[in-house]
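Visitor: my_file34.txt is reproduced in full below (compact mmCIF, C-alpha atoms (C1' of nucleotides)).
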```txt
# COMPACT_ATOMS: atom_id res chain seq x y z
CA MET I 3 -9.91 12.26 12.46
CA SER I 4 -12.72 11.26 10.15
CA ALA I 5 -14.36 7.85 10.35
CA PRO I 6 -13.55 6.86 6.75
CA GLN I 7 -9.90 7.59 7.27
CA THR I 8 -9.90 5.54 10.44
CA LEU I 9 -11.44 2.70 8.47
CA ASP I 10 -8.76 3.10 5.82
CA LEU I 11 -6.04 2.80 8.44
CA THR I 12 -7.69 -0.19 10.10
CA LEU I 13 -8.22 -2.16 6.90
CA LEU I 14 -4.76 -1.29 5.63
CA ALA I 15 -3.21 -2.44 8.91
CA LEU I 16 -5.13 -5.72 8.73
CA ALA I 17 -4.21 -6.35 5.10
CA ASP I 18 -0.84 -7.84 6.02
CA PRO I 19 -0.21 -11.31 7.43
CA THR I 20 2.69 -10.21 9.62
CA ARG I 21 0.53 -7.64 11.32
CA ARG I 22 -2.35 -10.05 11.75
CA ALA I 23 0.11 -12.50 13.32
CA ILE I 24 1.30 -9.78 15.69
CA LEU I 25 -2.26 -9.20 16.83
CA GLN I 26 -2.68 -12.90 17.40
CA ARG I 27 0.53 -13.00 19.41
CA LEU I 28 -0.84 -10.27 21.66
CA SER I 29 -3.79 -12.47 22.54
CA ARG I 30 -1.45 -14.19 24.98
CA GLY I 31 -1.35 -10.89 26.82
CA GLU I 32 0.93 -7.89 26.81
CA ALA I 33 4.32 -8.40 25.22
CA ARG I 34 7.48 -6.40 24.72
CA VAL I 35 8.59 -5.41 21.22
CA THR I 36 11.46 -7.90 21.21
CA GLU I 37 9.17 -10.73 22.29
CA VAL I 38 6.69 -9.87 19.57
CA ALA I 39 9.46 -9.74 16.98
CA ARG I 40 11.20 -13.02 17.90
CA PRO I 41 9.12 -15.49 15.82
CA PHE I 42 9.54 -13.49 12.64
CA SER I 43 12.34 -13.98 10.20
CA MET I 44 12.63 -10.27 9.52
CA SER I 45 14.66 -7.72 11.43
CA LEU I 46 13.54 -6.18 14.71
CA ASN I 47 13.32 -2.85 12.94
CA ALA I 48 10.92 -4.19 10.37
CA VAL I 49 8.65 -5.53 13.09
CA SER I 50 8.92 -2.20 14.90
CA LYS I 51 7.57 -0.54 11.77
CA HIS I 52 4.68 -2.98 11.56
CA ILE I 53 3.85 -2.15 15.16
CA LEU I 54 3.78 1.53 14.25
CA VAL I 55 1.22 0.78 11.55
CA LEU I 56 -0.91 -1.09 14.08
CA GLU I 57 -0.58 1.79 16.53
CA ARG I 58 -1.55 4.30 13.85
CA ALA I 59 -4.74 2.25 13.38
CA LYS I 60 -5.15 2.13 17.18
CA LEU I 61 -5.19 -1.65 17.05
CA VAL I 62 -2.25 -1.72 19.44
CA LYS I 63 -1.49 0.36 22.49
CA ARG I 64 1.94 0.92 23.95
CA ARG I 65 2.78 1.24 27.64
CA LYS I 66 6.36 2.18 28.46
CA GLU I 67 7.99 0.86 31.59
CA GLY I 68 11.64 1.77 31.77
CA ARG I 69 13.33 0.64 28.62
CA ASP I 70 10.60 -1.90 27.91
CA HIS I 71 7.60 -1.05 25.75
CA PHE I 72 4.64 -3.28 26.47
CA LEU I 73 2.16 -3.74 23.67
CA SER I 74 -1.47 -4.67 24.01
CA TYR I 75 -4.41 -5.23 21.70
CA ARG I 76 -7.31 -2.77 21.41
CA HIS I 77 -10.58 -4.09 20.09
CA GLU I 78 -12.34 -0.87 19.07
CA PRO I 79 -11.06 -0.57 15.49
CA LEU I 80 -11.93 -4.19 14.73
CA ASP I 81 -15.42 -3.58 16.09
CA ALA I 82 -15.78 -0.59 13.77
CA ALA I 83 -14.48 -2.54 10.77
CA ALA I 84 -16.85 -5.39 11.54
CA LYS I 85 -19.72 -2.92 11.72
CA TRP I 86 -18.85 -1.39 8.37
CA ILE I 87 -18.58 -4.78 6.71
CA GLU I 88 -21.82 -6.00 8.23
CA ASP I 89 -23.66 -2.83 7.25
CA THR I 90 -22.35 -3.16 3.73
CA ARG I 91 -23.31 -6.82 3.49
CA ASN I 92 -26.79 -6.10 4.82
CA PHE I 93 -27.17 -3.26 2.38
CA TRP I 94 -26.20 -5.57 -0.45
CA ALA I 95 -28.48 -8.29 0.78
CA SER I 96 -31.45 -5.94 0.76
CA ARG I 97 -30.47 -4.65 -2.67
CA LEU I 98 -30.40 -8.15 -4.03
CA ASP I 99 -33.71 -8.90 -2.36
CA THR I 100 -35.20 -5.87 -4.05
CA LEU I 101 -33.84 -6.88 -7.43
CA GLU I 102 -35.23 -10.36 -6.95
CA ARG I 103 -38.62 -8.97 -6.01
CA ILE I 104 -38.66 -6.71 -9.04
CA LEU I 105 -37.74 -9.55 -11.36
CA ARG I 106 -40.40 -11.74 -9.78
CA GLU I 107 -43.01 -9.03 -10.16
CA GLU I 108 -42.11 -8.47 -13.78
CA ASP I 109 -42.40 -12.16 -14.27
CA GLU I 110 -45.86 -12.20 -12.68
CA ALA I 111 -46.91 -9.24 -14.82
CA LYS I 112 -45.98 -11.10 -18.00
CA LYS I 113 -48.16 -13.99 -16.99
CA GLN I 114 -51.24 -11.78 -16.87
CA MET V 17 -4.15 -18.86 -4.31
CA SER V 18 -4.00 -19.24 -0.55
CA ALA V 19 -6.73 -17.98 1.73
CA PRO V 20 -4.49 -15.54 3.64
CA GLN V 21 -3.36 -13.94 0.42
CA THR V 22 -6.96 -13.61 -0.70
CA LEU V 23 -7.71 -11.89 2.58
CA ASP V 24 -4.76 -9.57 2.01
CA LEU V 25 -6.11 -8.59 -1.40
CA THR V 26 -9.64 -8.12 -0.10
CA LEU V 27 -8.68 -5.93 2.85
CA LEU V 28 -6.24 -3.97 0.74
CA ALA V 29 -8.90 -3.35 -1.89
CA LEU V 30 -11.35 -2.18 0.77
CA ALA V 31 -8.83 0.12 2.44
CA ASP V 32 -9.50 2.92 -0.02
CA PRO V 33 -12.50 5.24 -0.07
CA THR V 34 -12.62 5.49 -3.86
CA ARG V 35 -12.85 1.74 -4.19
CA ARG V 36 -15.48 1.48 -1.47
CA ALA V 37 -17.47 4.15 -3.33
CA ILE V 38 -17.18 2.15 -6.54
CA LEU V 39 -18.63 -0.89 -4.80
CA GLN V 40 -21.48 1.23 -3.51
CA ARG V 41 -22.12 2.56 -7.00
CA LEU V 42 -22.43 -0.99 -8.26
CA SER V 43 -25.27 -1.60 -5.84
CA ARG V 44 -27.49 0.17 -8.37
CA GLY V 45 -26.76 -2.74 -10.66
CA GLU V 46 -24.23 -3.43 -13.37
CA ALA V 47 -22.46 -0.40 -14.77
CA ARG V 48 -19.98 0.34 -17.50
CA VAL V 49 -16.49 1.60 -16.66
CA THR V 50 -17.25 5.12 -17.88
CA GLU V 51 -20.44 5.29 -15.81
CA VAL V 52 -18.61 4.14 -12.72
CA ALA V 53 -15.87 6.69 -13.31
CA ARG V 54 -18.11 9.70 -13.96
CA PRO V 55 -18.71 10.89 -10.36
CA PHE V 56 -15.03 10.92 -9.52
CA SER V 57 -12.75 13.88 -10.00
CA MET V 58 -9.87 11.70 -11.14
CA SER V 59 -9.12 10.50 -14.64
CA LEU V 60 -10.87 7.55 -16.25
CA ASN V 61 -7.55 5.73 -16.26
CA ALA V 62 -7.16 6.12 -12.51
CA VAL V 63 -10.61 4.65 -11.94
CA SER V 64 -9.79 1.85 -14.37
CA LYS V 65 -6.82 0.98 -12.15
CA HIS V 66 -8.99 0.98 -9.03
CA ILE V 67 -11.33 -1.41 -10.81
CA LEU V 68 -8.38 -3.69 -11.51
CA VAL V 69 -7.59 -3.77 -7.80
CA LEU V 70 -11.20 -4.70 -7.05
CA GLU V 71 -11.10 -7.38 -9.74
CA ARG V 72 -7.86 -8.79 -8.36
CA ALA V 73 -9.67 -9.17 -5.04
CA LYS V 74 -12.63 -10.71 -6.89
CA LEU V 75 -14.92 -8.06 -5.44
CA VAL V 76 -15.87 -7.03 -8.96
CA LYS V 77 -16.58 -9.13 -12.01
CA ARG V 78 -16.36 -7.91 -15.58
CA ARG V 79 -18.62 -8.94 -18.45
CA LYS V 80 -17.67 -7.69 -21.89
CA GLU V 81 -20.32 -6.90 -24.42
CA GLY V 82 -18.92 -5.36 -27.53
CA ARG V 83 -16.86 -2.37 -26.55
CA ASP V 84 -18.66 -2.03 -23.23
CA HIS V 85 -17.36 -3.68 -20.08
CA PHE V 86 -20.09 -4.24 -17.53
CA LEU V 87 -19.00 -4.43 -13.92
CA SER V 88 -20.84 -6.15 -11.13
CA TYR V 89 -20.32 -6.73 -7.44
CA ARG V 90 -19.38 -10.14 -6.02
CA HIS V 91 -20.18 -10.77 -2.39
CA GLU V 92 -17.90 -13.74 -1.64
CA PRO V 93 -14.73 -11.87 -0.60
CA LEU V 94 -16.69 -9.61 1.74
CA ASP V 95 -18.28 -12.69 3.29
CA ALA V 96 -14.83 -14.17 3.85
CA ALA V 97 -13.50 -10.94 5.33
CA ALA V 98 -16.51 -10.70 7.64
CA LYS V 99 -15.92 -14.26 8.75
CA TRP V 100 -12.25 -13.61 9.53
CA ILE V 101 -13.07 -10.47 11.49
CA GLU V 102 -15.87 -12.20 13.39
CA ASP V 103 -13.69 -15.19 14.19
CA THR V 104 -10.95 -12.90 15.41
CA ARG V 105 -13.33 -10.86 17.53
CA ASN V 106 -14.84 -13.99 19.06
CA PHE V 107 -11.39 -15.35 19.76
CA TRP V 108 -10.48 -12.14 21.51
CA ALA V 109 -13.72 -12.06 23.41
CA SER V 110 -13.08 -15.54 24.79
CA ARG V 111 -9.50 -14.59 25.61
CA LEU V 112 -10.70 -11.61 27.55
CA ASP V 113 -13.34 -13.72 29.28
CA THR V 114 -10.63 -16.14 30.33
CA LEU V 115 -8.45 -13.34 31.66
CA GLU V 116 -11.38 -11.94 33.56
CA ARG V 117 -12.20 -15.32 35.04
CA ILE V 118 -8.60 -15.84 36.12
CA LEU V 119 -8.47 -12.44 37.75
CA ARG V 120 -11.78 -13.10 39.49
CA GLU V 121 -10.57 -16.46 40.72
CA GLU V 122 -7.36 -14.95 42.05
CA ASP V 123 -9.45 -12.34 43.75
CA GLU V 124 -11.62 -15.02 45.36
CA ALA V 125 -8.54 -16.92 46.45
CA LYS V 126 -7.19 -13.89 48.26
CA LYS V 127 -10.39 -13.52 50.21
CA GLN V 128 -10.03 -17.01 51.69
C1' DT J 5 -14.08 4.21 -45.19
C1' DT J 6 -14.06 7.59 -41.87
C1' DG J 7 -14.46 8.83 -37.81
C1' DC J 8 -16.46 8.51 -32.88
C1' DC J 9 -16.67 6.00 -28.53
C1' DA J 10 -15.18 2.71 -24.69
C1' DT J 11 -11.53 0.91 -22.83
C1' DT J 12 -6.86 -0.44 -22.04
C1' DC J 13 -1.76 -0.11 -22.62
C1' DA J 14 2.56 2.26 -21.87
C1' DA J 15 5.47 5.45 -19.91
C1' DC J 16 6.17 8.39 -16.47
C1' DC J 17 6.00 10.45 -11.73
C1' DA J 18 5.65 11.16 -6.64
C1' DA J 19 4.62 9.08 -2.46
C1' DA J 20 4.09 5.13 0.52
C1' DA J 21 5.14 0.36 1.94
C1' DG J 22 8.16 -2.90 3.47
C1' DG J 23 12.51 -4.22 4.07
C1' DT J 24 17.72 -3.57 5.23
C1' DT J 25 21.89 -1.77 8.06
C1' DG J 26 24.12 1.19 11.26
C1' DA J 27 23.97 4.81 14.75
C1' DA J 28 21.66 7.00 18.65
C1' DT J 29 19.08 7.02 22.96
C1' DA J 30 17.69 5.54 27.28
C1' DT J 31 17.55 2.29 30.86
C1' DA J 32 19.62 -1.75 33.52
C1' DT J 33 23.35 -4.37 35.34
C1' DT J 34 27.99 -5.24 37.02
C1' DA T 2 32.16 3.98 35.24
C1' DA T 3 31.68 0.63 31.88
C1' DT T 4 28.94 -2.47 29.48
C1' DA T 5 24.82 -4.74 27.94
C1' DT T 6 19.91 -4.51 26.59
C1' DA T 7 15.58 -2.50 24.57
C1' DT T 8 14.06 0.34 21.47
C1' DT T 9 13.91 3.93 18.07
C1' DC T 10 15.93 7.06 14.50
C1' DA T 11 18.04 7.84 10.10
C1' DA T 12 19.42 6.72 5.70
C1' DC T 13 18.94 3.92 2.04
C1' DC T 14 16.85 0.56 -1.31
C1' DT T 15 13.22 -1.80 -4.05
C1' DT T 16 8.45 -2.53 -5.04
C1' DT T 17 3.79 -1.03 -4.96
C1' DT T 18 0.25 2.45 -5.09
C1' DG T 19 -2.21 6.01 -7.02
C1' DG T 20 -2.19 9.36 -10.07
C1' DT T 21 -1.12 11.73 -14.73
C1' DT T 22 -0.92 12.06 -20.06
C1' DG T 23 -0.77 10.24 -24.64
C1' DA T 24 -1.12 6.46 -27.82
C1' DA T 25 -3.21 2.05 -29.18
C1' DT T 26 -7.06 -1.21 -29.72
C1' DG T 27 -11.48 -2.62 -30.91
C1' DG T 28 -16.35 -1.96 -31.72
C1' DC T 29 -20.09 1.14 -33.47
C1' DA T 30 -22.20 4.43 -36.61
C1' DA T 31 -22.25 7.81 -40.75
```
If you convert what's in this file into structure tokens, what do you get?
Guide:
Amino acid sequence: MSAPQTLDLTLLALADPTRRAILQRLSRGEARVTEVARPFSMSLNAVSKHILVLERAKLVKRRKEGRDHFLSYRHEPLDAAAKWIEDTRNFWASRLDTLERILREEDEAKKQ
Amino acid sequence: MSAPQTLDLTLLALADPTRRAILQRLSRGEARVTEVARPFSMSLNAVSKHILVLERAKLVKRRKEGRDHFLSYRHEPLDAAAKWIEDTRNFWASRLDTLERILREEDEAKKQ
DNA sequence: TTGCCATTCAACCAAAAGGTTGAATATATT
DNA sequence: AATATATTCAACCTTTTGGTTGAATGGCAA
């Protein structure tokens, strides 16, 4: 599994309000599929599919106990996404700094 | 346009390696559509569509000059996405701290 | 004008996303 | 054993995504 593809899956999973709400729900601790699905106005099956997307991105882990499936949040993918975004922002910041410096230097040169 | 929907569009736009590469290309400054498209093995039209997705998310701005369309990067959506991710991570961190504290307290209680 | 160049528009296509309903599976409960 | 509960599987549908090709638009250059 390559890192970029993992990032794709993470960002895609996060790009949906239902799935972000599911993650938030799991902050109150482990929950069964039915419990997670209850607040939503869509079918249980639809929520089950959203959970699959979150699992694919490793944002959610499943622990089976009898007929109950307990879901819990995993922080690693969000850490990785945060790192990518921060790296990218820093990169851009330095790029813009460089551009600014160049413009300033050109400006100074003209004044000579 | 609501903030959650903006976040949806931003994360969706970022969840694709071609589009992330386009953003990186734009770090070298403004570029025309054709220039942006050149390194990719897909058609110009396909890249044009990716640019539309980036524009929809306001990650890219277009400035027309004659027949040339100059594209540039906008940092605001990435800032917002970073903020959401950081807020979520912090929220989770405090949740986990609380859980840990509770477990520790229960542990202490047992020892009495 | 005549044609080249940059870009989009339009139509099409296959695959994926996001939802539905109904059946199947597996575990609990009585 | 019979029934209820938790969950997925399977089939289907509509919309979106990501790509293609070919035509149209609009600006530039001979």
Visitor: Least-squares align chain V to chain I using all Cα atoms paired by position, then dump the moved coordinates as a compact mmCIF listing (two decimals) with C-alpha atoms, in the coordinates of the input.
Guide:
```txt
# COMPACT_ATOMS: atom_id res chain seq x y z
CA MET V 17 -9.67 12.25 12.45
CA SER V 18 -12.62 11.30 10.28
CA ALA V 19 -14.28 7.92 10.47
CA PRO V 20 -13.54 6.96 6.85
CA GLN V 21 -9.87 7.67 7.33
CA THR V 22 -9.86 5.57 10.48
CA LEU V 23 -11.41 2.76 8.49
CA ASP V 24 -8.72 3.19 5.84
CA LEU V 25 -6.00 2.85 8.46
CA THR V 26 -7.66 -0.14 10.09
CA LEU V 27 -8.19 -2.10 6.88
CA LEU V 28 -4.74 -1.20 5.63
CA ALA V 29 -3.18 -2.38 8.88
CA LEU V 30 -5.10 -5.66 8.68
CA ALA V 31 -4.19 -6.27 5.04
CA ASP V 32 -0.84 -7.78 5.96
CA PRO V 33 -0.21 -11.26 7.33
CA THR V 34 2.68 -10.19 9.54
CA ARG V 35 0.54 -7.61 11.26
CA ARG V 36 -2.36 -10.02 11.67
CA ALA V 37 0.10 -12.48 13.24
CA ILE V 38 1.29 -9.79 15.63
CA LEU V 39 -2.27 -9.18 16.76
CA GLN V 40 -2.71 -12.90 17.31
CA ARG V 41 0.49 -13.01 19.34
CA LEU V 42 -0.87 -10.29 21.58
CA SER V 43 -3.82 -12.49 22.45
CA ARG V 44 -1.50 -14.23 24.90
CA GLY V 45 -1.42 -10.95 26.76
CA GLU V 46 0.86 -7.94 26.76
CA ALA V 47 4.26 -8.46 25.20
CA ARG V 48 7.42 -6.47 24.72
CA VAL V 49 8.57 -5.45 21.24
CA THR V 50 11.42 -7.96 21.24
CA GLU V 51 9.11 -10.80 22.28
CA VAL V 52 6.65 -9.92 19.56
CA ALA V 53 9.44 -9.78 16.99
CA ARG V 54 11.14 -13.06 17.91
CA PRO V 55 9.07 -15.51 15.82
CA PHE V 56 9.51 -13.52 12.64
CA SER V 57 12.34 -13.99 10.20
CA MET V 58 12.64 -10.27 9.56
CA SER V 59 14.67 -7.74 11.49
CA LEU V 60 13.53 -6.22 14.77
CA ASN V 61 13.35 -2.87 13.02
CA ALA V 62 10.95 -4.20 10.41
CA VAL V 63 8.65 -5.54 13.11
CA SER V 64 8.93 -2.23 14.95
CA LYS V 65 7.60 -0.53 11.80
CA HIS V 66 4.71 -2.98 11.56
CA ILE V 67 3.87 -2.16 15.16
CA LEU V 68 3.80 1.53 14.25
CA VAL V 69 1.26 0.79 11.54
CA LEU V 70 -0.89 -1.09 14.06
CA GLU V 71 -0.55 1.78 16.52
CA ARG V 72 -1.52 4.31 13.87
CA ALA V 73 -4.69 2.29 13.38
CA LYS V 74 -5.13 2.15 17.17
CA LEU V 75 -5.20 -1.64 17.03
CA VAL V 76 -2.25 -1.73 19.41
CA LYS V 77 -1.51 0.35 22.46
CA ARG V 78 1.92 0.88 23.95
CA ARG V 79 2.75 1.18 27.64
CA LYS V 80 6.31 2.10 28.51
CA GLU V 81 7.91 0.77 31.63
CA GLY V 82 11.54 1.66 31.88
CA ARG V 83 13.25 0.52 28.73
CA ASP V 84 10.52 -2.00 27.97
CA HIS V 85 7.56 -1.13 25.78
CA PHE V 86 4.57 -3.33 26.48
CA LEU V 87 2.12 -3.77 23.64
CA SER V 88 -1.51 -4.70 23.97
CA TYR V 89 -4.43 -5.25 21.64
CA ARG V 90 -7.32 -2.78 21.36
CA HIS V 91 -10.59 -4.10 20.05
CA GLU V 92 -12.34 -0.87 19.03
CA PRO V 93 -11.05 -0.54 15.44
CA LEU V 94 -11.92 -4.16 14.68
CA ASP V 95 -15.41 -3.55 16.04
CA ALA V 96 -15.76 -0.55 13.74
CA ALA V 97 -14.47 -2.49 10.74
CA ALA V 98 -16.86 -5.34 11.49
CA LYS V 99 -19.72 -2.88 11.70
CA TRP V 100 -18.85 -1.30 8.34
CA ILE V 101 -18.57 -4.69 6.66
CA GLU V 102 -21.83 -5.90 8.21
CA ASP V 103 -23.65 -2.72 7.24
CA THR V 104 -22.35 -3.03 3.70
CA ARG V 105 -23.32 -6.68 3.46
CA ASN V 106 -26.80 -5.97 4.79
CA PHE V 107 -27.18 -3.11 2.37
CA TRP V 108 -26.22 -5.38 -0.48
CA ALA V 109 -28.48 -8.13 0.74
CA SER V 110 -31.46 -5.78 0.72
CA ARG V 111 -30.47 -4.49 -2.70
CA LEU V 112 -30.38 -7.99 -4.04
CA ASP V 113 -33.70 -8.78 -2.37
CA THR V 114 -35.20 -5.76 -4.08
CA LEU V 115 -33.83 -6.81 -7.45
CA GLU V 116 -35.18 -10.28 -6.94
CA ARG V 117 -38.59 -8.95 -5.99
CA ILE V 118 -38.69 -6.71 -9.05
CA LEU V 119 -37.74 -9.57 -11.32
CA ARG V 120 -40.36 -11.78 -9.70
CA GLU V 121 -43.00 -9.11 -10.08
CA GLU V 122 -42.13 -8.62 -13.74
CA ASP V 123 -42.35 -12.34 -14.16
CA GLU V 124 -45.81 -12.39 -12.55
CA ALA V 125 -46.91 -9.51 -14.74
CA LYS V 126 -45.98 -11.41 -17.88
CA LYS V 127 -48.08 -14.35 -16.82
CA GLN V 128 -51.23 -12.21 -16.69
```
Visitor: Find the residues around range 25-31 of chain J up to 12 Å (all atoms listed in the file counted), leave out those fewer than 2 positions away in its own chain, and share them as number ranges by chain.
Guide: I: 45-48, 66-71; J: 23, 33; T: 5-14
Visitor: How far is it from CA of Thr26 in chain V to CA of Glu51 in chain V, in Å with one decimal?
Guide: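 Separation of CA of Thr26 in chain V and CA of Glu51 in chain V: 23.3 Å.
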Visitor: Could you check how far CA of Ala84 in chain I sits from CA of Ala53 in chain V, in Å to one decimal?
Guide: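 Separation of CA of Ala84 in chain I and CA of Ala53 in chain V: 27.6 Å.
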Visitor: Please identify all polymer residues within 7 Å of range 49-64 of chain I, counting all atoms listed in the file, omitting same-chain residues fewer than 5 positions from it, and present them as a list in words.
Guide: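 That gives Thr8, Leu11, Thr12, Ala15, Arg21, Ala39, His71, Phe72, Leu73, Ser74, Tyr75, Arg76, His77 and Pro79 of chain I.
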Visitor: In Å, how far is it from CA of Ala17 in chain I to CA of Leu27 in chain V?
Guide: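 Atom-to-atom, CA of Ala17 in chain I and CA of Leu27 in chain V are spaced 5.0 Å apart.
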Visitor: Considering only C-alpha atoms (C1' of nucleotides), state which residue in the set V:Gln21, V:Met58, V:Thr104, V:Glu92 is at the smallest distance from chain T.
Guide: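 Ranking V:Gln21, V:Met58, V:Thr104, V:Glu92 by distance to chain T, first place goes to V:Met58.
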Visitor: Considering all atoms listed in the file, state which residue in the set V:Asn106, V:Ser43, V:Thr50, V:Ser57 is at the smallest distance from chain J.
Guide: V:Thr50
Visitor: At a cut-off of 12 Å around the point (-23.8, 3.0, -6.6) (file coordinates), what residues fall inside when counting only C-alpha atoms (C1' of nucleotides)? I'd like the answer as a PyMOL selection string.
Guide: (chain I and resi 93-94+97) or (chain V and resi 34-48+51-55+87-89)
Visitor: Counting all atoms listed in the file, which residues of chain J sit at most 12 Å from some atom of range 15-19 of chain T, and what is each one's closest atom pair with its distance in Å to one decimal, listed by chain and rising residue number, as a tab-separated table?
Guide:
```
residue	atom	partner	partner_atom	distance
J:DC17	C1'	T:DG19	C1'	10.5
J:DA18	C1'	T:DG19	C1'	9.4
J:DA19	C1'	T:DT18	C1'	8.4
J:DA20	C1'	T:DT18	C1'	7.3
J:DA21	C1'	T:DT17	C1'	7.2
J:DG22	C1'	T:DT16	C1'	8.5
J:DG23	C1'	T:DT15	C1'	8.5
J:DT24	C1'	T:DT15	C1'	10.5
```
Visitor: Mind checking which residues fall within 10 Å of DC8 in chain J, counting only C-alpha atoms (C1' of nucleotides), ignoring those fewer than 2 positions away in the same chain, and posting them as a ChimeraX atom specification?
Guide: /J:6 /T:29-31
Visitor: Within 12 Å of chain V, which residues belong to chain J? Use all atoms listed in the file and report them as a ChimeraX atom specification.
Guide: /J:9-13
Visitor: For range 51-64 of chain V, I'd like the enclosing box, axis-aligned and padded by 8 Å on every side, reported as AutoDock Vina command-line options with centre and edge lengths in Å to one decimal.
Guide:
```
--center_x -13.8 --center_y 7.9 --center_z -12.9 --size_x 29.3 --size_y 28.0 --size_z 22.7
```
